[in-house]
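Read the structure below first, then the notes.
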Amino acid sequence: MMTDATADRYEQIEGLADEIFKRMRDETHNLGFGASELILKSPAEAFYRLERDPADGGYSLVGDWLDGKGMKQGSLMFHADGSFFVEQDIVKPHPVKKRWFVEAVNAWGRDADIRAEARLLPMPE
């Protein structure tokens with residue numbers, strides 16, 4: 001359950017979080033994953049809290065995606081200055097490039113400037 005301050009902060013970034021989610025989903029589709037093969041968790045499914053940023057003293061909204069057993073599957077961080085970093089675990093073989101493994105998909109930026117990319121690793125021999 002979110003505190004009132006956390007809920008207020010989430011409401012401020014909700015539209016941006018939804019756009020980030022779309023960009024991350026587009027990135028996974030561009031890799032070749034079908035809509036039913038890989039379902040990313042939405043920002044609304046994360047558990048949020050406020051954390052004080054030691055660099056500037058402002059508060060960052062931090063969220064974690066958890067699986068059914070409470071294991072972390074990704075995180076979202078929205079800083080007071082408008083910058084953000086979001087990462088969600090994929091942990092699947094690349095759907096097209098058989099020698100690659102998709103570890104996660106990341107998004108970062110500031111305000112409406114959203115950049116996203118998948119993190120790939122070579123398959124173990």
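Chain labels follow the order of the structure tokens: the first chain is A, the next B, and so on; residue numbering restarts at 1 in every chain, and ligands are counted from 1 in their shown order.
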
Considering only C-alpha atoms, give me a table of residues in region 50-93 of chain A that are at most 10 Å from region 99-120 of chain A, with the closest atom pair and distance in Å for each, as a tab-separated table.
```
residue	atom	partner	partner_atom	distance
A:Gln73	CA	A:Ala104	CA	9.4
A:Gly74	CA	A:Ala104	CA	8.6
A:Ser75	CA	A:Asn106	CA	9.7
A:Leu76	CA	A:Ala107	CA	9.2
A:Met77	CA	A:Trp108	CA	9.4
A:Phe78	CA	A:Arg110	CA	9.1
A:His79	CA	A:Arg110	CA	9.1
A:Asp81	CA	A:Arg110	CA	8.0
A:Gly82	CA	A:Asp111	CA	5.2
A:Ser83	CA	A:Arg110	CA	3.9
A:Phe84	CA	A:Trp108	CA	5.4
A:Phe85	CA	A:Trp108	CA	4.4
A:Val86	CA	A:Ala107	CA	5.1
A:Glu87	CA	A:Asn106	CA	4.4
A:Gln88	CA	A:Val105	CA	5.5
A:Asp89	CA	A:Ala104	CA	4.2
A:Ile90	CA	A:Ala104	CA	4.6
A:Val91	CA	A:Glu103	CA	4.6
A:Lys92	CA	A:Val102	CA	5.4
A:Pro93	CA	A:Phe101	CA	4.3
```

Could you take the residues named above and write them with C-alpha atoms, as a PDB file, in the first residue's frame?
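Saved as part28.pdb:
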```
ATOM      1  CA  GLN A  73      12.071  -8.798 -11.656  1.00  0.00           C
ATOM      2  CA  GLY A  74      12.888  -5.195 -12.362  1.00  0.00           C
ATOM      3  CA  SER A  75      12.835  -1.657 -11.073  1.00  0.00           C
ATOM      4  CA  LEU A  76      11.744   1.865 -11.907  1.00  0.00           C
ATOM      5  CA  MET A  77      13.395   5.047 -10.648  1.00  0.00           C
ATOM      6  CA  PHE A  78      12.011   8.526 -11.271  1.00  0.00           C
ATOM      7  CA  HIS A  79      14.213  11.337  -9.937  1.00  0.00           C
ATOM      8  CA  ASP A  81      14.919  16.393 -11.751  1.00  0.00           C
ATOM      9  CA  GLY A  82      12.823  14.519 -14.345  1.00  0.00           C
ATOM     10  CA  SER A  83      15.408  11.845 -15.160  1.00  0.00           C
ATOM     11  CA  PHE A  84      14.515   8.166 -14.932  1.00  0.00           C
ATOM     12  CA  PHE A  85      15.870   4.649 -15.317  1.00  0.00           C
ATOM     13  CA  VAL A  86      13.668   1.567 -15.751  1.00  0.00           C
ATOM     14  CA  GLU A  87      14.761  -2.040 -16.136  1.00  0.00           C
ATOM     15  CA  GLN A  88      12.733  -5.211 -16.458  1.00  0.00           C
ATOM     16  CA  ASP A  89      14.163  -8.720 -16.593  1.00  0.00           C
ATOM     17  CA  ILE A  90      13.454 -10.789 -19.711  1.00  0.00           C
ATOM     18  CA  VAL A  91      15.743 -13.831 -19.169  1.00  0.00           C
ATOM     19  CA  LYS A  92      14.920 -15.621 -22.431  1.00  0.00           C
ATOM     20  CA  PRO A  93      16.798 -16.783 -25.501  1.00  0.00           C
TER      21      PRO A  93
END
```

Gly32 (chain A) environment, 9 Å, only C-alpha atoms, sequence neighbours closer than 5 positions dropped, as a list in words
His94, Pro95 and Val96 of chain A

Could you dump the residues just selected with N, CA and C atoms as a short mmCIF file (atom, residue, chain, number, x, y, z; two decimals), in the first residue's frame?
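part_29.cif was written with the following content:
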```cif
data_model
loop_
_atom_site.label_atom_id
_atom_site.label_comp_id
_atom_site.auth_asym_id
_atom_site.auth_seq_id
_atom_site.Cartn_x
_atom_site.Cartn_y
_atom_site.Cartn_z
N HIS A 94 17.14 -15.17 -27.27
CA HIS A 94 16.72 -14.24 -28.32
C HIS A 94 15.83 -15.00 -29.30
N PRO A 95 14.71 -14.43 -29.70
CA PRO A 95 13.78 -15.16 -30.57
C PRO A 95 14.28 -15.38 -32.00
N VAL A 96 15.27 -14.60 -32.43
CA VAL A 96 15.76 -14.70 -33.81
C VAL A 96 17.24 -15.08 -33.86
#
```

According to DSSP computed on the backbone, where in region 28-125 of chain A is there strand (DSSP E)? Give the residues as a count of residues only.
53

Go through A:Asp67, A:Ser36, A:Met123, A:Ala44 one by one, measure the shortest atom-to-atom distance of each to Gly15 (chain A) using only C-alpha atoms, and give the residue with the smallest value.
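Comparing A:Asp67, A:Ser36, A:Met123, A:Ala44 against Gly15 (chain A), the winner is A:Ala44.
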
From the list A:Ala7, A:Ala80, A:Val62, A:Ala17, which residue is nearest Lys41 (chain A) when using only C-alpha atoms?
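Smallest distance to Lys41 (chain A) is found for A:Ala17.
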
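Using only C-alpha atoms, the nearest neighbour of Arg49 (chain A) within the list A:Lys72, A:Lys22, A:His29, A:Arg9 is A:Arg9.
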
Just list the residues in chain A DSSP gives helix (DSSP H, G or I) on the backbone, as a ChimeraX atom specification.
/A:4-31,43-45

Length of the CA of Asp53 (chain A) to CA of Arg25 (chain A) vector [Å]
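A separation of 28.4 Å between them.
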
Do a neighbour search on Gly70 (chain A) at 12 Å with only C-alpha atoms, toss out local chain neighbours closer than 5 positions, and write the hits as a PyMOL selection string.
chain A and resi 46-47+64-65

What would the file look like if the residues just selected were written as a JSON list (two decimals), in the first residue's frame with N, CA and C atoms?
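File written: result-v2.json
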```
[["chain", "number", "residue", "atom", "x", "y", "z"],
["A", 46, "ALA", "N", 3.96, -2.39, -10.19],
["A", 46, "ALA", "CA", 5.13, -2.28, -9.32],
["A", 46, "ALA", "C", 4.72, -1.83, -7.91],
["A", 47, "PHE", "N", 5.60, -2.08, -6.96],
["A", 47, "PHE", "CA", 5.44, -1.63, -5.58],
["A", 47, "PHE", "C", 6.36, -0.43, -5.40],
["A", 64, "ASP", "N", 9.51, -1.44, -7.61],
["A", 64, "ASP", "CA", 10.05, -2.77, -7.90],
["A", 64, "ASP", "C", 8.95, -3.65, -8.45],
["A", 65, "TRP", "N", 9.28, -4.41, -9.49],
["A", 65, "TRP", "CA", 8.39, -5.46, -9.97],
["A", 65, "TRP", "C", 8.82, -6.74, -9.29]]
```
